[in-house]
>>> print(open('entry_8.cif').read())   # mmCIF, C-alpha atoms and all ligand atoms
data_run
#
loop_
_atom_site.group_PDB
_atom_site.id
_atom_site.type_symbol
_atom_site.label_atom_id
_atom_site.label_comp_id
_atom_site.auth_asym_id
_atom_site.auth_seq_id
_atom_site.Cartn_x
_atom_site.Cartn_y
_atom_site.Cartn_z
ATOM 1 C CA MET R 5 -81.818 9.000 -6.375
ATOM 2 C CA ALA R 6 -79.625 12.065 -6.443
ATOM 3 C CA TYR R 7 -77.637 12.756 -9.570
ATOM 4 C CA THR R 8 -74.145 11.914 -8.316
ATOM 5 C CA ILE R 9 -70.963 13.675 -9.362
ATOM 6 C CA ALA R 10 -67.591 12.655 -7.935
ATOM 7 C CA VAL R 11 -64.088 14.055 -8.268
ATOM 8 C CA ALA R 12 -61.041 11.827 -8.102
ATOM 9 C CA GLY R 13 -57.354 12.089 -8.898
ATOM 10 C CA LYS R 14 -53.857 12.446 -7.566
ATOM 11 C CA GLY R 15 -53.011 14.511 -4.511
ATOM 12 C CA GLY R 16 -53.110 18.262 -4.840
ATOM 13 C CA THR R 17 -54.517 18.343 -8.360
ATOM 14 C CA GLY R 18 -57.455 20.566 -7.422
ATOM 15 C CA LYS R 19 -60.241 18.089 -6.614
ATOM 16 C CA THR R 20 -61.522 19.997 -3.600
ATOM 17 C CA THR R 21 -61.290 23.357 -5.336
ATOM 18 C CA LEU R 22 -63.311 22.085 -8.304
ATOM 19 C CA ALA R 23 -65.834 20.290 -6.083
ATOM 20 C CA GLY R 24 -66.341 23.595 -4.259
ATOM 21 C CA PHE R 25 -66.744 25.523 -7.515
ATOM 22 C CA LEU R 26 -69.275 22.927 -8.665
ATOM 23 C CA ILE R 27 -71.389 23.126 -5.511
ATOM 24 C CA ASP R 28 -71.375 26.909 -5.705
ATOM 25 C CA TYR R 29 -72.400 26.723 -9.356
ATOM 26 C CA LEU R 30 -75.223 24.240 -8.751
ATOM 27 C CA VAL R 31 -76.647 26.401 -5.966
ATOM 28 C CA GLU R 32 -76.536 29.460 -8.190
ATOM 29 C CA LYS R 33 -78.259 27.544 -10.998
ATOM 30 C CA LYS R 34 -80.965 26.599 -8.488
ATOM 31 C CA PHE R 35 -80.371 22.869 -8.581
ATOM 32 C CA ALA R 36 -81.754 22.296 -5.124
ATOM 33 C CA PRO R 37 -81.303 20.527 -2.844
ATOM 34 C CA VAL R 38 -77.577 19.884 -3.215
ATOM 35 C CA LEU R 39 -75.550 17.669 -0.893
ATOM 36 C CA GLY R 40 -71.785 18.088 -0.761
ATOM 37 C CA VAL R 41 -69.926 15.089 0.599
ATOM 38 C CA ASP R 42 -66.388 15.420 1.873
ATOM 39 C CA ALA R 43 -65.098 11.853 1.648
ATOM 40 C CA ASP R 44 -61.516 12.816 2.450
ATOM 41 C CA PRO R 45 -60.442 11.985 6.024
ATOM 42 C CA ASN R 46 -58.412 15.201 5.805
ATOM 43 C CA ALA R 47 -61.573 17.195 5.315
ATOM 44 C CA ASN R 48 -61.242 20.657 3.782
ATOM 45 C CA LEU R 49 -64.114 21.050 1.339
ATOM 46 C CA ASN R 50 -65.860 23.048 4.066
ATOM 47 C CA GLU R 51 -63.029 25.602 3.962
ATOM 48 C CA VAL R 52 -63.395 26.086 0.229
ATOM 49 C CA LEU R 53 -67.125 26.581 0.853
ATOM 50 C CA GLY R 54 -66.674 28.744 3.949
ATOM 51 C CA GLU R 55 -68.570 26.494 6.370
ATOM 52 C CA ASP R 56 -67.691 25.232 9.848
ATOM 53 C CA VAL R 57 -67.759 21.534 10.678
ATOM 54 C CA GLU R 58 -68.977 20.509 14.105
ATOM 55 C CA ILE R 59 -69.602 16.818 13.737
ATOM 56 C CA THR R 60 -68.355 14.241 11.256
ATOM 57 C CA LEU R 61 -69.398 10.709 10.394
ATOM 58 C CA GLY R 62 -66.209 9.566 12.129
ATOM 59 C CA ASP R 63 -67.478 11.117 15.393
ATOM 60 C CA ILE R 64 -70.859 9.484 14.923
ATOM 61 C CA ARG R 65 -69.421 6.074 14.312
ATOM 62 C CA GLU R 66 -67.452 6.367 17.529
ATOM 63 C CA ASP R 67 -70.534 7.416 19.469
ATOM 64 C CA ILE R 68 -72.708 4.660 18.047
ATOM 65 C CA SER R 69 -70.225 1.894 18.662
ATOM 66 C CA VAL R 70 -69.644 3.024 22.257
ATOM 67 C CA LYS R 71 -73.386 3.395 22.994
ATOM 68 C CA ASN R 72 -74.161 0.091 21.311
ATOM 69 C CA ARG R 73 -71.429 -1.726 23.225
ATOM 70 C CA ASP R 74 -72.514 -0.311 26.571
ATOM 71 C CA GLY R 75 -76.188 -0.951 25.841
ATOM 72 C CA LYS R 76 -76.855 2.784 26.120
ATOM 73 C CA LEU R 77 -78.835 3.490 22.957
ATOM 74 C CA PRO R 78 -81.654 5.896 23.886
ATOM 75 C CA GLY R 79 -84.725 4.041 25.217
ATOM 76 C CA GLY R 80 -86.810 2.350 22.557
ATOM 77 C CA MET R 81 -84.420 3.246 19.733
ATOM 78 C CA SER R 82 -82.978 0.547 17.513
ATOM 79 C CA LYS R 83 -79.442 0.957 16.242
ATOM 80 C CA THR R 84 -80.810 1.890 12.801
ATOM 81 C CA ASP R 85 -83.127 4.544 14.303
ATOM 82 C CA TYR R 86 -80.235 5.927 16.251
ATOM 83 C CA ILE R 87 -77.969 6.042 13.197
ATOM 84 C CA ASN R 88 -80.646 7.912 11.269
ATOM 85 C CA TYR R 89 -81.121 10.332 14.123
ATOM 86 C CA LYS R 90 -77.396 11.008 14.419
ATOM 87 C CA LEU R 91 -77.037 11.307 10.667
ATOM 88 C CA GLN R 92 -79.448 14.220 10.711
ATOM 89 C CA GLN R 93 -77.144 15.933 13.207
ATOM 90 C CA ALA R 94 -74.134 15.438 10.963
ATOM 91 C CA ILE R 95 -75.711 17.313 8.079
ATOM 92 C CA ILE R 96 -74.301 20.798 8.021
ATOM 93 C CA GLU R 97 -76.669 23.371 6.631
ATOM 94 C CA GLY R 98 -74.636 25.570 4.340
ATOM 95 C CA HIS R 99 -75.726 28.533 2.274
ATOM 96 C CA GLY R 100 -78.028 26.870 -0.227
ATOM 97 C CA PHE R 101 -76.631 23.362 0.175
ATOM 98 C CA ASP R 102 -76.018 20.686 2.801
ATOM 99 C CA LEU R 103 -72.651 19.212 3.636
ATOM 100 C CA LEU R 104 -71.706 15.842 5.049
ATOM 101 C CA VAL R 105 -68.170 15.254 6.270
ATOM 102 C CA MET R 106 -66.638 11.837 6.737
ATOM 103 C CA GLY R 107 -63.723 12.957 8.921
ATOM 104 C CA ARG R 108 -61.394 10.518 10.548
ATOM 105 C CA PRO R 109 -62.350 7.846 13.019
ATOM 106 C CA GLU R 110 -60.950 8.482 16.467
ATOM 107 C CA GLY R 111 -58.049 6.549 17.864
ATOM 108 C CA ALA R 112 -56.602 3.724 15.888
ATOM 109 C CA GLY R 113 -59.916 3.053 14.133
ATOM 110 C CA CYS R 114 -59.765 1.781 10.603
ATOM 111 C CA TYR R 115 -60.937 4.026 7.804
ATOM 112 C CA CYS R 116 -63.046 1.201 6.442
ATOM 113 C CA PHE R 117 -65.542 1.796 9.256
ATOM 114 C CA ALA R 118 -65.925 5.476 8.508
ATOM 115 C CA ASN R 119 -66.148 4.510 4.863
ATOM 116 C CA GLY R 120 -68.851 1.959 5.587
ATOM 117 C CA ILE R 121 -70.930 4.522 7.403
ATOM 118 C CA LEU R 122 -70.307 7.003 4.602
ATOM 119 C CA ARG R 123 -71.621 4.538 2.039
ATOM 120 C CA GLU R 124 -74.627 3.832 4.193
ATOM 121 C CA ALA R 125 -75.205 7.552 4.674
ATOM 122 C CA THR R 126 -74.981 8.434 0.982
ATOM 123 C CA ASP R 127 -77.360 5.565 0.170
ATOM 124 C CA ARG R 128 -79.850 6.707 2.776
ATOM 125 C CA LEU R 129 -79.634 10.375 1.864
ATOM 126 C CA SER R 130 -79.546 10.000 -1.893
ATOM 127 C CA ASP R 131 -83.325 10.209 -2.270
ATOM 128 C CA ASN R 132 -83.473 13.487 -0.368
ATOM 129 C CA TYR R 133 -81.295 15.406 -2.793
ATOM 130 C CA LYS R 134 -81.336 16.374 -6.421
ATOM 131 C CA VAL R 135 -77.572 16.422 -6.800
ATOM 132 C CA MET R 136 -74.771 14.988 -4.715
ATOM 133 C CA VAL R 137 -71.165 16.149 -5.173
ATOM 134 C CA ILE R 138 -68.496 13.908 -3.661
ATOM 135 C CA ASP R 139 -64.976 15.171 -3.026
ATOM 136 C CA ASN R 140 -62.703 12.172 -2.686
ATOM 137 C CA GLU R 141 -59.356 11.763 -1.033
ATOM 138 C CA ALA R 142 -56.260 11.575 -3.214
ATOM 139 C CA GLY R 143 -55.271 8.365 -4.932
ATOM 140 C CA LEU R 144 -57.226 5.385 -6.101
ATOM 141 C CA GLU R 145 -57.869 3.383 -2.984
ATOM 142 C CA HIS R 146 -61.239 4.947 -2.312
ATOM 143 C CA LEU R 147 -62.454 3.610 -5.650
ATOM 144 C CA SER R 148 -62.049 0.042 -4.449
ATOM 145 C CA ARG R 149 -63.806 0.917 -1.196
ATOM 146 C CA ARG R 150 -66.838 2.069 -3.158
ATOM 147 C CA THR R 151 -67.973 5.031 -1.113
ATOM 148 C CA THR R 152 -71.144 5.222 -3.167
ATOM 149 C CA LYS R 153 -73.238 2.738 -5.073
ATOM 150 C CA SER R 154 -73.255 4.536 -8.360
ATOM 151 C CA VAL R 155 -71.802 7.658 -9.866
ATOM 152 C CA ASP R 156 -73.291 9.477 -12.838
ATOM 153 C CA ILE R 157 -70.273 11.590 -13.660
ATOM 154 C CA MET R 158 -66.769 11.213 -12.336
ATOM 155 C CA PHE R 159 -64.218 13.907 -12.997
ATOM 156 C CA ALA R 160 -60.637 12.704 -12.937
ATOM 157 C CA VAL R 161 -58.653 15.830 -12.130
ATOM 158 C CA SER R 162 -55.098 15.997 -13.388
ATOM 159 C CA GLU R 163 -52.213 18.386 -13.191
ATOM 160 C CA CYS R 164 -50.855 19.599 -16.498
ATOM 161 C CA SER R 165 -48.201 16.943 -17.062
ATOM 162 C CA LYS R 166 -47.856 13.654 -18.848
ATOM 163 C CA ARG R 167 -47.500 11.862 -15.553
ATOM 164 C CA GLY R 168 -50.671 13.506 -14.357
ATOM 165 C CA ILE R 169 -52.550 12.229 -17.395
ATOM 166 C CA GLU R 170 -51.136 8.754 -16.759
ATOM 167 C CA ALA R 171 -52.567 8.860 -13.249
ATOM 168 C CA ALA R 172 -55.952 9.874 -14.625
ATOM 169 C CA ALA R 173 -55.757 6.955 -17.022
ATOM 170 C CA ARG R 174 -55.297 4.647 -14.050
ATOM 171 C CA VAL R 175 -58.601 5.930 -12.654
ATOM 172 C CA LYS R 176 -60.184 4.833 -15.908
ATOM 173 C CA GLU R 177 -58.501 1.428 -15.808
ATOM 174 C CA LEU R 178 -59.525 0.823 -12.230
ATOM 175 C CA ILE R 179 -63.143 1.718 -12.915
ATOM 176 C CA GLU R 180 -63.145 -0.849 -15.706
ATOM 177 C CA GLU R 181 -61.263 -3.445 -13.683
ATOM 178 C CA LEU R 182 -63.488 -3.157 -10.631
ATOM 179 C CA LYS R 183 -66.577 -2.819 -12.830
ATOM 180 C CA LEU R 184 -67.618 0.252 -10.871
ATOM 181 C CA ASP R 185 -70.936 1.794 -11.703
ATOM 182 C CA VAL R 186 -69.559 5.050 -13.111
ATOM 183 C CA LYS R 187 -71.673 6.145 -16.070
ATOM 184 C CA GLU R 188 -69.298 8.746 -17.478
ATOM 185 C CA LEU R 189 -65.682 9.545 -16.750
ATOM 186 C CA TYR R 190 -64.254 12.893 -17.830
ATOM 187 C CA LEU R 191 -60.804 14.345 -17.484
ATOM 188 C CA ILE R 192 -60.243 17.891 -16.264
ATOM 189 C CA VAL R 193 -56.715 19.237 -16.578
ATOM 190 C CA ASN R 194 -56.205 21.869 -13.921
ATOM 191 C CA ARG R 195 -53.620 24.612 -13.421
ATOM 192 C CA VAL R 196 -52.895 24.792 -17.120
ATOM 193 C CA PRO R 197 -50.309 27.459 -18.013
ATOM 194 C CA GLU R 198 -51.127 30.243 -20.433
ATOM 195 C CA GLU R 199 -49.729 28.423 -23.461
ATOM 196 C CA GLY R 200 -52.342 25.687 -23.046
ATOM 197 C CA LEU R 201 -51.943 21.929 -23.449
ATOM 198 C CA SER R 202 -48.835 20.803 -25.280
ATOM 199 C CA ASP R 203 -49.134 18.391 -28.192
ATOM 200 C CA ASP R 204 -47.512 15.692 -26.061
ATOM 201 C CA ILE R 205 -50.201 16.013 -23.456
ATOM 202 C CA LYS R 206 -52.965 16.098 -26.042
ATOM 203 C CA GLN R 207 -51.579 12.918 -27.555
ATOM 204 C CA ALA R 208 -51.372 11.240 -24.151
ATOM 205 C CA ILE R 209 -55.018 12.096 -23.457
ATOM 206 C CA GLU R 210 -56.062 10.644 -26.772
ATOM 207 C CA GLY R 211 -53.789 7.630 -26.408
ATOM 208 C CA TYR R 212 -55.392 6.662 -23.116
ATOM 209 C CA GLY R 213 -58.852 7.163 -24.542
ATOM 210 C CA LEU R 214 -59.725 9.811 -21.960
ATOM 211 C CA LYS R 215 -62.589 12.197 -22.606
ATOM 212 C CA LEU R 216 -61.411 15.731 -21.945
ATOM 213 C CA ALA R 217 -64.142 17.820 -20.338
ATOM 214 C CA GLY R 218 -61.962 20.899 -20.474
ATOM 215 C CA ILE R 219 -59.065 22.714 -18.906
ATOM 216 C CA VAL R 220 -58.872 25.078 -15.962
ATOM 217 C CA PRO R 221 -56.062 27.611 -16.118
ATOM 218 C CA LEU R 222 -53.491 28.316 -13.463
ATOM 219 C CA ASP R 223 -54.982 31.283 -11.674
ATOM 220 C CA ALA R 224 -52.928 33.338 -9.216
ATOM 221 C CA LYS R 225 -56.147 34.542 -7.584
ATOM 222 C CA VAL R 226 -56.862 30.998 -6.373
ATOM 223 C CA PHE R 227 -53.525 30.904 -4.555
ATOM 224 C CA GLU R 228 -54.076 34.396 -3.232
ATOM 225 C CA TYR R 229 -57.479 33.566 -1.729
ATOM 226 C CA ASP R 230 -56.214 30.255 -0.381
ATOM 227 C CA ASN R 231 -53.245 31.851 1.319
ATOM 228 C CA LYS R 232 -55.392 34.567 2.848
ATOM 229 C CA GLY R 233 -57.823 31.938 4.099
ATOM 230 C CA ILE R 234 -60.707 33.337 2.061
ATOM 231 C CA PRO R 235 -63.186 30.645 0.942
ATOM 232 C CA LEU R 236 -62.531 29.981 -2.743
ATOM 233 C CA VAL R 237 -66.232 30.189 -3.570
ATOM 234 C CA GLN R 238 -65.882 33.913 -2.908
ATOM 235 C CA LEU R 239 -63.623 34.284 -5.952
ATOM 236 C CA PRO R 240 -65.108 36.630 -8.546
ATOM 237 C CA LYS R 241 -67.137 34.582 -11.028
ATOM 238 C CA ASP R 242 -65.174 36.100 -13.874
ATOM 239 C CA SER R 243 -61.819 35.047 -12.448
ATOM 240 C CA ASN R 244 -60.003 32.771 -14.834
ATOM 241 C CA ALA R 245 -60.287 29.474 -12.945
ATOM 242 C CA VAL R 246 -63.948 29.909 -11.977
ATOM 243 C CA LYS R 247 -64.981 31.021 -15.449
ATOM 244 C CA ASN R 248 -63.361 28.045 -17.142
ATOM 245 C CA ALA R 249 -64.628 25.544 -14.586
ATOM 246 C CA ARG R 250 -68.137 26.896 -15.116
ATOM 247 C CA GLN R 251 -67.823 26.493 -18.865
ATOM 248 C CA ILE R 252 -67.091 22.823 -18.238
ATOM 249 C CA PHE R 253 -70.088 22.476 -15.925
ATOM 250 C CA ASP R 254 -72.319 24.233 -18.464
ATOM 251 C CA LYS R 255 -71.256 21.813 -21.148
ATOM 252 C CA ILE R 256 -71.122 18.547 -19.207
ATOM 253 C CA ILE R 257 -73.503 18.824 -16.273
ATOM 254 C CA ILE R 258 -76.391 21.020 -17.298
ATOM 255 C CA PRO R 259 -77.611 18.804 -20.144
ATOM 256 C CA GLN R 260 -77.586 15.789 -17.811
ATOM 257 C CA ILE R 261 -79.630 16.972 -14.835
ATOM 258 C CA LYS R 262 -83.356 17.415 -15.084
ATOM 259 C CA MET R 263 -84.628 20.471 -13.280
HETATM 260 N N1 LIG X 1 -56.622 26.539 -11.170
HETATM 261 C C1 LIG X 1 -55.833 26.781 -10.116
HETATM 262 N N2 LIG X 1 -54.952 27.804 -10.126
HETATM 263 C C2 LIG X 1 -54.149 28.046 -9.075
HETATM 264 N N3 LIG X 1 -54.168 27.328 -7.957
HETATM 265 C C3 LIG X 1 -55.010 26.283 -7.871
HETATM 266 C C4 LIG X 1 -55.893 25.958 -8.934
HETATM 267 N N4 LIG X 1 -56.631 24.895 -8.562
HETATM 268 C C5 LIG X 1 -56.217 24.562 -7.321
HETATM 269 N N5 LIG X 1 -55.241 25.395 -6.893
HETATM 270 C C6 LIG X 1 -54.502 25.331 -5.618
HETATM 271 O O1 LIG X 1 -53.855 24.080 -5.556
HETATM 272 C C7 LIG X 1 -53.856 23.569 -4.237
HETATM 273 C C8 LIG X 1 -54.466 22.174 -4.207
HETATM 274 O O2 LIG X 1 -55.827 22.270 -4.522
HETATM 275 P P1 LIG X 1 -56.919 21.294 -3.862
HETATM 276 O O3 LIG X 1 -56.796 21.305 -2.384
HETATM 277 O O4 LIG X 1 -58.211 21.649 -4.466
HETATM 278 O O5 LIG X 1 -56.398 19.908 -4.421
HETATM 279 P P2 LIG X 1 -56.865 18.440 -4.002
HETATM 280 O O6 LIG X 1 -56.718 17.608 -5.210
HETATM 281 O O7 LIG X 1 -58.198 18.490 -3.360
HETATM 282 O O8 LIG X 1 -55.759 18.069 -2.915
HETATM 283 P P3 LIG X 1 -55.776 16.787 -1.944
HETATM 284 O O9 LIG X 1 -55.348 15.631 -2.790
HETATM 285 O O10 LIG X 1 -54.761 17.159 -0.891
HETATM 286 O O11 LIG X 1 -57.154 16.645 -1.414
HETATM 287 C C9 LIG X 1 -54.612 24.581 -3.397
HETATM 288 O O12 LIG X 1 -53.692 25.412 -2.740
HETATM 289 C C10 LIG X 1 -55.414 25.369 -4.402
HETATM 290 O O13 LIG X 1 -55.649 26.669 -3.978
HETATM 291 MG MG MG X 2 -58.843 17.671 -1.539
#
>>> encode(input="entry_8.cif", output="structure tokens")
Amino acid sequence: MAYTIAVAGKGGTGKTTLAGFLIDYLVEKKFAPVLGVDADPNANLNEVLGEDVEITLGDIREDISVKNRDGKLPGGMSKTDYINYKLQQAIIEGHGFDLLVMGRPEGAGCYCFANGILREATDRLSDNYKVMVIDNEAGLEHLSRRTTKSVDIMFAVSECSKRGIEAAARVKELIEELKLDVKELYLIVNRVPEEGLSDDIKQAIEGYGLKLAGIVPLDAKVFEYDNKGIPLVQLPKDSNAVKNARQIFDKIIIPQIKM
């Protein structure tokens, strides 16, 4: 089973950015093979990583259900064989890692279907990879849909505000309530201003019993690259955001994964 790391949290907190930084870091540290999973129907992890997406799990689901309905599965292939075959096609070979994109189901299709196939895909593929990094959509709903069986580390990403910390605390509550198999939950506060965390915020973190993995500073370079459409993984490794994110990964991730 792949060591599974997921990011969750409110909209726009920096989940995709940090998931991208993490994949880039794991590749550089030679944790191979790495699978990145974009579980957000509004896929954009590929942009952070600088990869093109040609086919998503949403497309595959559509194709399978149409072929199955019309009795047009390729001769001699069972539905399971066909799913496996198509799944291989949906794996994007990136620079040093693979990427799987959920995408959105076509038409009025329900997300639960794409989610179901995503869960099936991550279960099937888990043995083929050393580490799996899952970028989730915003909010908490995906937690109840259980996109993966088990998660070794979940990062709840928060903006630097009390309300942000509250939202991260709800991730914690929901994990407990739904009895999700998440071994460790850590908070990352992102876009922290120069003066650092205020006492109020520190108290809130402690009050909710959240484990702070670390903070990532507000970094104008991230905005700059984003606005110019340059993949964020091309940021200099000594830029403020990347450097601090990597310190977190060094501390939290490295001791956990066996080479
Ligand atoms: N440390 C940072 N400093 C400056 N800008 C940042 C930082 N982290 C993220 N950003 C910017 O914040 C915006 C949101 O980031 P990102 O897309 O990673 O968030 P998200 O949580 O994945 O959003 P969504 O909920 O829409 O998926 C992006 O424009 C990104 O460039
Ligand atoms: Mg995102």
>>> residues_near_ligand(input="entry_8.cif", ligand="ligand MG 2 (chain X)", cutoff="10 Å", atoms="all atoms listed in the file", output="list in words")
Val11, Ala12, Gly13, Lys14, Gly15, Gly16, Thr17, Gly18, Lys19, Thr20, Thr21, Leu22, Ala23, Gly24, Asp42, Ala43, Asp44, Pro45, Asn46, Ala47, Asn48, Leu49, Val52, Asp139, Asn140, Glu141 and Ala142 of chain R
>>> residues_near_point(input="entry_8.cif", point="(-85.1, 17.5, -5.0)", cutoff="9 Å", atoms="only C-alpha atoms", output="mmCIF file with C-alpha atoms, in the frame of the given file")
data_model
loop_
_atom_site.group_PDB
_atom_site.id
_atom_site.type_symbol
_atom_site.label_atom_id
_atom_site.label_comp_id
_atom_site.auth_asym_id
_atom_site.auth_seq_id
_atom_site.Cartn_x
_atom_site.Cartn_y
_atom_site.Cartn_z
ATOM 1 C CA ALA R 6 -79.625 12.065 -6.443
ATOM 2 C CA PHE R 35 -80.371 22.869 -8.581
ATOM 3 C CA ALA R 36 -81.754 22.296 -5.124
ATOM 4 C CA PRO R 37 -81.303 20.527 -2.844
ATOM 5 C CA VAL R 38 -77.577 19.884 -3.215
ATOM 6 C CA ASP R 131 -83.325 10.209 -2.270
ATOM 7 C CA ASN R 132 -83.473 13.487 -0.368
ATOM 8 C CA TYR R 133 -81.295 15.406 -2.793
ATOM 9 C CA LYS R 134 -81.336 16.374 -6.421
ATOM 10 C CA VAL R 135 -77.572 16.422 -6.800
ATOM 11 C CA MET R 263 -84.628 20.471 -13.280
#
>>> residues_around(input="entry_8.cif", residues="Ala224 of chain R", least_positions_apart="4", cutoff="12 Å", atoms="all atoms listed in the file", output="PyMOL selection string")
chain R and resi 195-198+228-231+239+243-246
>>> resolve_selection(input="entry_8.cif", expression="the PyMOL selection byres (((chain R and resi 210-222) around 7) and not hetatm)", output="list of chain:residue names")
R:Ala173, R:Tyr190, R:Leu191, R:Ile192, R:Val193, R:Asn194, R:Arg195, R:Val196, R:Pro197, R:Lys206, R:Gln207, R:Ala208, R:Ile209, R:Asp223, R:Ala224, R:Asn244, R:Ala245, R:Asn248, R:Ala249, R:Ile252
>>> write_last_selection(input="entry_8.cif", atoms="C-alpha atoms", output="PDB file, in the coordinates of the input")
ATOM      1  CA  ALA R 173     -55.757   6.955 -17.022  1.00  0.00           C
ATOM      2  CA  TYR R 190     -64.254  12.893 -17.830  1.00  0.00           C
ATOM      3  CA  LEU R 191     -60.804  14.345 -17.484  1.00  0.00           C
ATOM      4  CA  ILE R 192     -60.243  17.891 -16.264  1.00  0.00           C
ATOM      5  CA  VAL R 193     -56.715  19.237 -16.578  1.00  0.00           C
ATOM      6  CA  ASN R 194     -56.205  21.869 -13.921  1.00  0.00           C
ATOM      7  CA  ARG R 195     -53.620  24.612 -13.421  1.00  0.00           C
ATOM      8  CA  VAL R 196     -52.895  24.792 -17.120  1.00  0.00           C
ATOM      9  CA  PRO R 197     -50.309  27.459 -18.013  1.00  0.00           C
ATOM     10  CA  LYS R 206     -52.965  16.098 -26.042  1.00  0.00           C
ATOM     11  CA  GLN R 207     -51.579  12.918 -27.555  1.00  0.00           C
ATOM     12  CA  ALA R 208     -51.372  11.240 -24.151  1.00  0.00           C
ATOM     13  CA  ILE R 209     -55.018  12.096 -23.457  1.00  0.00           C
ATOM     14  CA  ASP R 223     -54.982  31.283 -11.674  1.00  0.00           C
ATOM     15  CA  ALA R 224     -52.928  33.338  -9.216  1.00  0.00           C
ATOM     16  CA  ASN R 244     -60.003  32.771 -14.834  1.00  0.00           C
ATOM     17  CA  ALA R 245     -60.287  29.474 -12.945  1.00  0.00           C
ATOM     18  CA  ASN R 248     -63.361  28.045 -17.142  1.00  0.00           C
ATOM     19  CA  ALA R 249     -64.628  25.544 -14.586  1.00  0.00           C
ATOM     20  CA  ILE R 252     -67.091  22.823 -18.238  1.00  0.00           C
TER      21      ILE R 252
END
>>> axis_aligned_box(input="entry_8.cif", around="ligand LIG 1 (chain X)", padding_each_side="3 Å", output="AutoDock Vina command-line options")
--center_x -56.0 --center_y 21.8 --center_z -6.0 --size_x 10.5 --size_y 18.4 --size_z 16.3
>>> resolve_selection(input="entry_8.cif", expression="the PyMOL selection byres (((chain R and resi 155) around 8) and not hetatm)", output="PDB file with C-alpha atoms, in the coordinates of the input")
ATOM      1  CA  TYR R   7     -77.637  12.756  -9.570  1.00  0.00           C
ATOM      2  CA  THR R   8     -74.145  11.914  -8.316  1.00  0.00           C
ATOM      3  CA  ILE R   9     -70.963  13.675  -9.362  1.00  0.00           C
ATOM      4  CA  ALA R  10     -67.591  12.655  -7.935  1.00  0.00           C
ATOM      5  CA  THR R 152     -71.144   5.222  -3.167  1.00  0.00           C
ATOM      6  CA  LYS R 153     -73.238   2.738  -5.073  1.00  0.00           C
ATOM      7  CA  SER R 154     -73.255   4.536  -8.360  1.00  0.00           C
ATOM      8  CA  ASP R 156     -73.291   9.477 -12.838  1.00  0.00           C
ATOM      9  CA  ILE R 157     -70.273  11.590 -13.660  1.00  0.00           C
ATOM     10  CA  MET R 158     -66.769  11.213 -12.336  1.00  0.00           C
ATOM     11  CA  ASP R 185     -70.936   1.794 -11.703  1.00  0.00           C
ATOM     12  CA  VAL R 186     -69.559   5.050 -13.111  1.00  0.00           C
ATOM     13  CA  LYS R 187     -71.673   6.145 -16.070  1.00  0.00           C
TER      14      LYS R 187
END
>>> resolve_selection(input="entry_8.cif", expression="the PyMOL selection byres (((chain R and resi 92) around 12) and not hetatm)", output="short mmCIF file (atom, residue, chain, number, x, y, z; two decimals) with C-alpha atoms, in the frame of the given file")
data_model
loop_
_atom_site.label_atom_id
_atom_site.label_comp_id
_atom_site.auth_asym_id
_atom_site.auth_seq_id
_atom_site.Cartn_x
_atom_site.Cartn_y
_atom_site.Cartn_z
CA ILE R 59 -69.60 16.82 13.74
CA THR R 60 -68.36 14.24 11.26
CA LEU R 61 -69.40 10.71 10.39
CA ILE R 64 -70.86 9.48 14.92
CA ASP R 85 -83.13 4.54 14.30
CA TYR R 86 -80.24 5.93 16.25
CA ILE R 87 -77.97 6.04 13.20
CA ASN R 88 -80.65 7.91 11.27
CA TYR R 89 -81.12 10.33 14.12
CA LYS R 90 -77.40 11.01 14.42
CA LEU R 91 -77.04 11.31 10.67
CA GLN R 93 -77.14 15.93 13.21
CA ALA R 94 -74.13 15.44 10.96
CA ILE R 95 -75.71 17.31 8.08
CA ILE R 96 -74.30 20.80 8.02
CA GLU R 97 -76.67 23.37 6.63
CA ASP R 102 -76.02 20.69 2.80
CA LEU R 103 -72.65 19.21 3.64
CA LEU R 104 -71.71 15.84 5.05
CA ALA R 125 -75.20 7.55 4.67
CA ARG R 128 -79.85 6.71 2.78
CA LEU R 129 -79.63 10.38 1.86
CA ASN R 132 -83.47 13.49 -0.37
#
>>> closest_residue(input="entry_8.cif", among="R:Glu181, R:Glu124, R:Glu51, R:Asp204", to="Arg167 of chain R", atoms="all atoms listed in the file")
R:Asp204
>>> closest_residue(input="entry_8.cif", among="R:Asp74, R:Glu55, R:Asp63, R:Glu163", to="ligand LIG 1 (chain X)", atoms="only C-alpha atoms and all ligand atoms")
R:Glu163
>>> build_atoms(input="entry_8.cif", residues="segment 167-171 of chain R", atoms="N, CA, C and O atoms", output="tab-separated table (two decimals), in the coordinates of the input")
chain	number	residue	atom	x	y	z
R	167	ARG	N	-47.34	12.79	-16.67
R	167	ARG	CA	-47.50	11.86	-15.55
R	167	ARG	C	-48.88	12.01	-14.90
R	167	ARG	O	-49.48	11.05	-14.44
R	168	GLY	N	-49.34	13.25	-14.90
R	168	GLY	CA	-50.67	13.51	-14.36
R	168	GLY	C	-51.74	12.79	-15.19
R	168	GLY	O	-52.67	12.19	-14.65
R	169	ILE	N	-51.58	12.87	-16.50
R	169	ILE	CA	-52.55	12.23	-17.40
R	169	ILE	C	-52.50	10.71	-17.21
R	169	ILE	O	-53.54	10.03	-17.22
R	170	GLU	N	-51.29	10.19	-17.02
R	170	GLU	CA	-51.14	8.75	-16.76
R	170	GLU	C	-51.94	8.34	-15.53
R	170	GLU	O	-52.60	7.30	-15.52
R	171	ALA	N	-51.84	9.17	-14.49
R	171	ALA	CA	-52.57	8.86	-13.25
R	171	ALA	C	-54.07	8.87	-13.50
R	171	ALA	O	-54.81	8.03	-12.97
